[in-house]
Amino acid sequence: SPILQTGIAEGVCILNAKGLLTDNTITTNGSDGIFVTGGDSDPTIIKNKVQAGFGYGLHFTEGASAMVEDNDISRNMEAEVCVESGANPNCRENKIHHGNGFGVLALAGSGSESGEGVFYNNDIFEHGNACVAVQSAANPLFAKNRIHSGHLVGILIVDSGKGKFDNNEIYGHHGAALEVSHRGDPCVVNSTIKGSKASSGLVFHSAAKGTVEDCVITEHALSGISVQTDADPQMN
């Protein structure tokens, strides 16, 4: 398998192109491991190891699409996966773990469009910051993921971030399993949310909104749900 190592910039850069990346080790590059940009970009990224870079592990921007499946993404300096500016990758069955910062970061970026993305059946765990962060009106879909064992919060929704979280297992974080603030407005349904070690399970504050439906919320160090400071979530 090819090893793409110690480049001064990205390990792989895809600009308005497709291509197949499979069974590579992409490591210790000076910037992102894989950078995909442009509305005509739609590569297939399968069974790679993307690790220990000085930027993002995978970075999707400016309307890029991609199929991202069965990769091992870890120990990068910035977020393991960043989706911004209208990008919309389909990320399935990846291990996204042991990051220094966020596990997955979705945000508007420098453009007017928000990062989207579909994340299905991934294992997202052991991150130094939130395992999943959604900011700046981004609106990704997370379904059937295991989001667990974070050093801080499990899922962080801020600055008008949205997102739909359906049928996920969210557990074992040091902080809250879900924290929403500053006009964040996610929809969390059919999920198991348990075992926050030093916090409430769900925390809404600072004008947070959000909808929580048909979830099991249990075994938290403090309250199951904490609503503070002008927050207005809907619980069903």
# chains A, B, ... in the order shown; residues from 1 in each chain; ligands from 1

call {"tool": "residues_around", "arguments": {"residues": "segment 137-143 of chain A", "least_positions_apart": "3", "cutoff": "6 Å", "atoms": "only C-alpha atoms", "output": "number ranges by chain"}}
result
A: 106-108, 114-120, 160-168

call {"tool": "residues_around", "arguments": {"residues": "segment 51-60 of chain A", "least_positions_apart": "3", "cutoff": "7 Å", "atoms": "only C-alpha atoms", "output": "ChimeraX atom specification"}}
result
/A:26-37,64,73-84,87

call {"tool": "residues_around", "arguments": {"residues": "Asp230 of chain A", "least_positions_apart": "3", "cutoff": "8 Å", "atoms": "only C-alpha atoms", "output": "ChimeraX atom specification"}}
result
/A:205-208

call {"tool": "residues_around", "arguments": {"residues": "Ala221 of chain A", "least_positions_apart": "4", "cutoff": "9 Å", "atoms": "only C-alpha atoms", "output": "list of chain:residue names"}}
result
A:Gly195, A:Ser196, A:Lys197, A:Ala198, A:Ser199, A:Ser200, A:Gly201

call {"tool": "write_last_selection", "arguments": {"atoms": "N, CA and C atoms", "output": "PDB file, in the first residue's frame"}}
result
ATOM      1  N   GLY A 195     -24.537   8.071  30.523  1.00  0.00           N
ATOM      2  CA  GLY A 195     -23.248   7.913  31.160  1.00  0.00           C
ATOM      3  C   GLY A 195     -22.302   9.095  31.091  1.00  0.00           C
ATOM      4  N   SER A 196     -22.811  10.344  31.128  1.00  0.00           N
ATOM      5  CA  SER A 196     -21.901  11.485  31.239  1.00  0.00           C
ATOM      6  C   SER A 196     -21.243  11.444  32.619  1.00  0.00           C
ATOM      7  N   LYS A 197     -19.929  11.533  32.662  1.00  0.00           N
ATOM      8  CA  LYS A 197     -19.190  11.227  33.886  1.00  0.00           C
ATOM      9  C   LYS A 197     -19.175  12.352  34.900  1.00  0.00           C
ATOM     10  N   ALA A 198     -19.261  13.617  34.429  1.00  0.00           N
ATOM     11  CA  ALA A 198     -19.139  14.738  35.357  1.00  0.00           C
ATOM     12  C   ALA A 198     -20.099  15.863  35.005  1.00  0.00           C
ATOM     13  N   SER A 199     -21.213  15.555  34.375  1.00  0.00           N
ATOM     14  CA  SER A 199     -22.111  16.582  33.873  1.00  0.00           C
ATOM     15  C   SER A 199     -23.524  16.039  33.748  1.00  0.00           C
ATOM     16  N   SER A 200     -24.451  16.950  33.447  1.00  0.00           N
ATOM     17  CA  SER A 200     -25.770  16.528  32.989  1.00  0.00           C
ATOM     18  C   SER A 200     -25.659  15.873  31.615  1.00  0.00           C
ATOM     19  N   GLY A 201     -26.677  15.138  31.244  1.00  0.00           N
ATOM     20  CA  GLY A 201     -26.646  14.476  29.945  1.00  0.00           C
ATOM     21  C   GLY A 201     -26.810  15.440  28.790  1.00  0.00           C
TER      22      GLY A 201
END

call {"tool": "select_by_dssp", "arguments": {"residues": "segment 27-173 of chain A", "states": "strand (DSSP E)", "output": "ChimeraX atom specification"}}
result
/A:27,34-37,44-46,49-51,58-61,65-69,72-74,81-84,88-92,95-97,104-107,118-120,123-125,132-134,141-143,146-148,155-157,164-166,169-171

call {"tool": "closest_residue", "arguments": {"among": "A:Leu105, A:Leu152, A:Cys13, A:Val68", "to": "His127 of chain A", "atoms": "only C-alpha atoms"}}
result
A:Leu152

call {"tool": "atom_distance", "arguments": {"atom1": "atom CA of Gln135 of chain A", "atom2": "atom CA of Cys187 of chain A"}}
result
14.2 Å

call {"tool": "closest_residue", "arguments": {"among": "A:Glu179, A:Asp232, A:Asp72, A:Glu169", "to": "Thr218 of chain A", "atoms": "only C-alpha atoms"}}
result
A:Glu169
